[in-house]
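Notes to accompany the following structure.
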Amino acid sequence: MRLKSNGQASRTPASVCAEMLKKSREAFESKKTAEESFRLGQLDGIVRMVVENEDDFVETLNGDLHKPRFESLLSELILVKNEALFAINNLKKWMQPEHVERNLATTLDQCFLVNEPMGVVLIVGDWSAPVQQCLVPLVGAIAAGNAVLLKPSENSSHTAELLQKLFPLYLDKECYQVVCDVMLADLLELRFDHIFYTGTFTKAQQVMQAASHHLSPVTLVVGGKNPCYVDQMCDLPVAAHRIAWARFHNAGQNNVAPDYILCHAEIRDKLVQALTSCVLEFYGAEPAQSASFGRLVNMEHFLRVRELMLSSGKVVIGGEVDESDKFIAPTVLLDVQESDAIMKHEILGPILPILTVYNADEAIDFVRRKDKPLCLYVYSSNPKVISKFLTCTSSGSFCANDSAIQSSLVTLPVAGVGASGMGLYHGRYSFDTFSHRKSCVLRTTHVECVTYLRFPPYEDQRLSLMMWATSLSRKGAGWCNLL
């Protein structure tokens, strides 16, 4: 960031961003990112960067989010390291051409798919998990052979500055650059070959609109209202522990956390009691003094979450706030109505609303009236209930009898659907997202006795032969038209 003469910070001008993009595009076009050895070296650089600077990352995450070391390591750094190691171990296989089944007309040809990099991609990270949400998609982009401009969130400035400092020490300076002090709107005026965005619905709309001007493909990971149904047939102590952990982790600033509970009326009061015990067990009688509980990222966000809490339902657990410390206690609300403000916006804070339902069908109807969520959770010991939710609802991911754990598996994609986003990432899915799968046919010239049938002048006899071949293609494998 540069300073004006009056000492105020000024943002990087758009012309500098354009120059950075030009530099990355020239590096990409030199084909240096195409080599397997180069990609492996950069992925190894990410592993070393995370391992060798662990304490620095923990410190910056604490500065941005008051994030406990335990959470920083498990939910941020370990996930990035595992993602990079998984890519290193599988890259050779991912880069191999994929041969496809041939037909009658291509029996002597080579038919396959090759994965080629998209080009120069823009990755826009969110602030709720600023290391993970920047570096996990970066791993996929590097593995696929792209150059990258990375824009961390301005709300996590400590982490952004650390990434900007470390990138030139561990990664190629031309291919991988961090942009900290520039408006997203300015970046979106430039042409990228792919845009990966994690964040809010409103900004996702802006990203998609800007990308349409260049027909740039996008991957959007958007938060939202993640429902959590708690059935009367469930292991209630286990459910309470797992829900409380996921909701209050990182002070609730987690886009895969349960956003509200649809609780069966028979066990609502018992669930509140169990959650009360969990909050006491996790954070003690005074959560503000707990080393295991974070803070809201900035004052604007604090005020927004506090207003949602005060304008919705009735506080039955927590509710304490400290504006000077951006602290909101782990809070549970009862008597929440569907029309309340907290049910219209993603919370991203340590507030857990509980709505009462009388059966699974009512809960399913409630979920289906809303936008498709990023995640859906069901706690039940009845397999039929779980199966019904799985088949009758649509969500980016689904998890039964736990929360958020599905997003930590490198073999499962993180994916939105509908209003919660589009596209896939994690593991092989990230590699595919940042690759163009090019169809290839390498033909022989020795079958002209067959292919000549397609050439003019057209004759009924030739048409009959081709119609015959086409009709056979519908009856068994190995037959196809002769085009």
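Following the order of the structure tokens, chains are lettered A, B, ..., residues in each are numbered from 1, and ligands are numbered from 1.
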Discussion item. Please identify the strand (DSSP E) residues within region 185-428 of chain A (assignment by DSSP from backbone atoms) and present them as an MDAnalysis selection string.
Written reply: chainID A and resid 194:199 218:222 227:230 260:264 314:317 321:322 327:328 331:334 351:357 375:379 397:400 414:415 421:422 424:425
Item to complete: May I ask which of the residues A:Met118, A:Ala129, A:Ala210, A:Val321 is the closest one to Ile142 (chain A), counting only C-alpha atoms?
Response: A:Met118
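Considering the residues A:Ala285, A:Leu412, A:Leu355, A:Ile78 and counting only C-alpha atoms, Phe398 (chain A) has its shortest atom-to-atom contact with A:Leu412.
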Response to the item:
If you count only C-alpha atoms, the residue of A:Tyr260, A:Phe431, A:Trp127, A:Tyr379 closest to Pro353 (chain A) turns out to be A:Tyr260
Worksheet item: Could you name the residues that touch Phe112 (chain A) at 7 Å or less, counting only C-alpha atoms, but leaving out those on the same chain fewer than 6 positions away, as a PyMOL selection string?
Response: chain A and resi 97-100+439-441
File dump, residues just selected, N, CA and C atoms, as a compact mmCIF listing (two decimals), in the first residue's frame:
```txt
# COMPACT_ATOMS: atom_id res chain seq x y z
N PRO A 97 -3.18 -38.07 -20.44
CA PRO A 97 -4.35 -38.04 -21.32
C PRO A 97 -5.34 -39.13 -20.94
N GLU A 98 -6.61 -38.84 -21.10
CA GLU A 98 -7.67 -39.80 -20.78
C GLU A 98 -8.23 -40.36 -22.08
N HIS A 99 -7.93 -41.61 -22.34
CA HIS A 99 -8.40 -42.23 -23.58
C HIS A 99 -9.88 -42.61 -23.45
N VAL A 100 -10.62 -42.42 -24.54
CA VAL A 100 -12.06 -42.69 -24.52
C VAL A 100 -12.38 -43.82 -25.48
N SER A 439 -10.86 -32.14 -26.30
CA SER A 439 -11.11 -33.37 -27.05
C SER A 439 -10.13 -33.48 -28.21
N CYS A 440 -9.52 -34.64 -28.36
CA CYS A 440 -8.51 -34.84 -29.40
C CYS A 440 -8.77 -36.13 -30.17
N VAL A 441 -8.68 -36.05 -31.49
CA VAL A 441 -8.73 -37.23 -32.35
C VAL A 441 -7.54 -37.15 -33.29
```
Response to the item:
Atom pair CA of Thr433 (chain A) + CA of Thr411 (chain A), distance 14.4 Å
Item to complete: Would you mind listing what lies within 12 Å of Glu154 (chain A) as a PyMOL selection string, with only C-alpha atoms counted and same-chain residues fewer than 2 positions away left out?
Response: chain A and resi 1+11+64+124-128+130+151-152+156-161+179-184+297-298
Worksheet item: Neighbours of Gly223 (chain A) within 9 Å (only C-alpha atoms; same-chain residues fewer than 3 positions away dropped), as a list of chain:residue names?
Response: A:Thr198, A:Gly199, A:Thr200, A:Phe201, A:Asn226, A:Asn254, A:Asn255, A:Val256, A:Glu346, A:Leu348, A:Pro373, A:Leu374, A:Cys375, A:Gly416, A:Ala419, A:Ser420, A:Gly421
Take the residues just selected and output them with C-alpha atoms as an mmCIF file, in the first residue's frame.
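Saved file selection-v8.cif follows:
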```
data_model
loop_
_atom_site.group_PDB
_atom_site.id
_atom_site.type_symbol
_atom_site.label_atom_id
_atom_site.label_comp_id
_atom_site.auth_asym_id
_atom_site.auth_seq_id
_atom_site.Cartn_x
_atom_site.Cartn_y
_atom_site.Cartn_z
ATOM 1 C CA THR A 198 -15.440 -17.091 -2.281
ATOM 2 C CA GLY A 199 -17.691 -14.669 -0.445
ATOM 3 C CA THR A 200 -21.121 -13.081 -0.353
ATOM 4 C CA PHE A 201 -24.035 -13.492 -2.735
ATOM 5 C CA ASN A 226 -27.265 -23.794 6.029
ATOM 6 C CA ASN A 254 -17.659 -20.069 8.873
ATOM 7 C CA ASN A 255 -19.655 -20.451 5.676
ATOM 8 C CA VAL A 256 -20.138 -24.217 6.162
ATOM 9 C CA GLU A 346 -26.296 -15.325 6.415
ATOM 10 C CA LEU A 348 -21.426 -15.414 9.989
ATOM 11 C CA PRO A 373 -27.926 -24.021 0.682
ATOM 12 C CA LEU A 374 -24.194 -24.633 0.542
ATOM 13 C CA CYS A 375 -24.571 -27.322 3.242
ATOM 14 C CA GLY A 416 -22.445 -24.675 -4.300
ATOM 15 C CA ALA A 419 -27.839 -19.351 -4.913
ATOM 16 C CA SER A 420 -24.980 -20.978 -2.970
ATOM 17 C CA GLY A 421 -22.671 -20.932 -5.974
#
```
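Of the residues under consideration (A:Leu280, A:Trp468, A:Phe434, A:Asp322), A:Phe434 shows the shortest atom-to-atom contact distance to Phe196 (chain A) when counting only C-alpha atoms.
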Worksheet entry | Spatial neighbours of Lys344 (chain A), max dist 9 Å, only C-alpha atoms, sep filter under 5 positions, as a ChimeraX atom specification | /A:225,338-339
Produce a file of the selected residues containing N, CA and C atoms, as a PDB file, in the first residue's frame.
```
ATOM      1  N   LYS A 225     -27.802 -19.724   4.079  1.00  0.00           N
ATOM      2  CA  LYS A 225     -28.471 -20.265   5.257  1.00  0.00           C
ATOM      3  C   LYS A 225     -28.382 -21.781   5.231  1.00  0.00           C
ATOM      4  N   GLU A 338     -39.847 -17.329  10.878  1.00  0.00           N
ATOM      5  CA  GLU A 338     -39.302 -17.375   9.522  1.00  0.00           C
ATOM      6  C   GLU A 338     -39.132 -15.979   8.936  1.00  0.00           C
ATOM      7  N   SER A 339     -39.939 -15.037   9.389  1.00  0.00           N
ATOM      8  CA  SER A 339     -39.886 -13.667   8.867  1.00  0.00           C
ATOM      9  C   SER A 339     -38.852 -12.793   9.559  1.00  0.00           C
TER      10      SER A 339
END
```
Fill in: Which of region 14-215 of chain A fall in helix (DSSP H, G or I), as a PyMOL selection string
chain A and resi 14-29+32-34+36-52+54-65+69-95+104-106+132-143+154-170+184-188+201-214
Worksheet entry | Residue neighbourhood region 299-303 of chain A, 8 Å, only C-alpha atoms, exclusion window fewer than 6 positions, as a ChimeraX atom specification | /A:323,326-328
Taking C-alpha atoms for each residue, export the selection above as a short mmCIF file (atom, residue, chain, number, x, y, z; two decimals), in the first residue's frame.
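Result file is again14.cif:
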```
data_model
loop_
_atom_site.label_atom_id
_atom_site.label_comp_id
_atom_site.auth_asym_id
_atom_site.auth_seq_id
_atom_site.Cartn_x
_atom_site.Cartn_y
_atom_site.Cartn_z
CA GLU A 323 -18.32 -3.53 21.39
CA LYS A 326 -15.88 -6.92 18.91
CA PHE A 327 -17.07 -9.76 21.18
CA ILE A 328 -20.42 -11.52 20.96
#
```
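For the choices A:Arg428, A:Val336, A:Lys67, A:Ser292, the atom-to-atom distance to Ile88 (chain A) is smallest for A:Arg428 when using only C-alpha atoms.
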Can you write out as JSON lines which residues of region 71-122 of chain A fall within 12 Å of region 28-35 of chain A, alongside each residue's closest atom pair and its distance in Å to one decimal, counting only C-alpha atoms and ordering rows by chain and ascending residue number?
```
{"residue": "A:Leu91", "atom": "CA", "partner": "A:Glu35", "partner_atom": "CA", "distance": 11.2}
{"residue": "A:Lys92", "atom": "CA", "partner": "A:Glu35", "partner_atom": "CA", "distance": 10.8}
{"residue": "A:Met95", "atom": "CA", "partner": "A:Ala34", "partner_atom": "CA", "distance": 10.0}
{"residue": "A:Asn115", "atom": "CA", "partner": "A:Ala34", "partner_atom": "CA", "distance": 10.6}
{"residue": "A:Glu116", "atom": "CA", "partner": "A:Ala34", "partner_atom": "CA", "distance": 8.3}
{"residue": "A:Pro117", "atom": "CA", "partner": "A:Ala34", "partner_atom": "CA", "distance": 7.7}
{"residue": "A:Met118", "atom": "CA", "partner": "A:Phe28", "partner_atom": "CA", "distance": 9.9}
{"residue": "A:Gly119", "atom": "CA", "partner": "A:Phe28", "partner_atom": "CA", "distance": 6.6}
{"residue": "A:Val120", "atom": "CA", "partner": "A:Phe28", "partner_atom": "CA", "distance": 7.1}
{"residue": "A:Val121", "atom": "CA", "partner": "A:Phe28", "partner_atom": "CA", "distance": 10.6}
```
Selection to disk with C-alpha atoms, as a short mmCIF file (atom, residue, chain, number, x, y, z; two decimals), in the first residue's frame:
```
data_model
loop_
_atom_site.label_atom_id
_atom_site.label_comp_id
_atom_site.auth_asym_id
_atom_site.auth_seq_id
_atom_site.Cartn_x
_atom_site.Cartn_y
_atom_site.Cartn_z
CA LEU A 91 -0.27 -34.84 -10.26
CA LYS A 92 1.39 -37.26 -12.68
CA MET A 95 -1.88 -34.88 -16.17
CA ASN A 115 -6.14 -31.32 -19.60
CA GLU A 116 -4.68 -27.97 -20.56
CA PRO A 117 -4.45 -24.98 -18.21
CA MET A 118 -6.97 -22.19 -18.52
CA GLY A 119 -4.32 -19.44 -18.50
CA VAL A 120 -4.12 -16.62 -15.97
CA VAL A 121 -6.73 -16.99 -13.24
#
```
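If you measure from each of A:Ala415, A:Val378, A:Leu190, A:Ile46 to Asp172 (chain A) using only C-alpha atoms, the closest one turns out to be A:Ile46.
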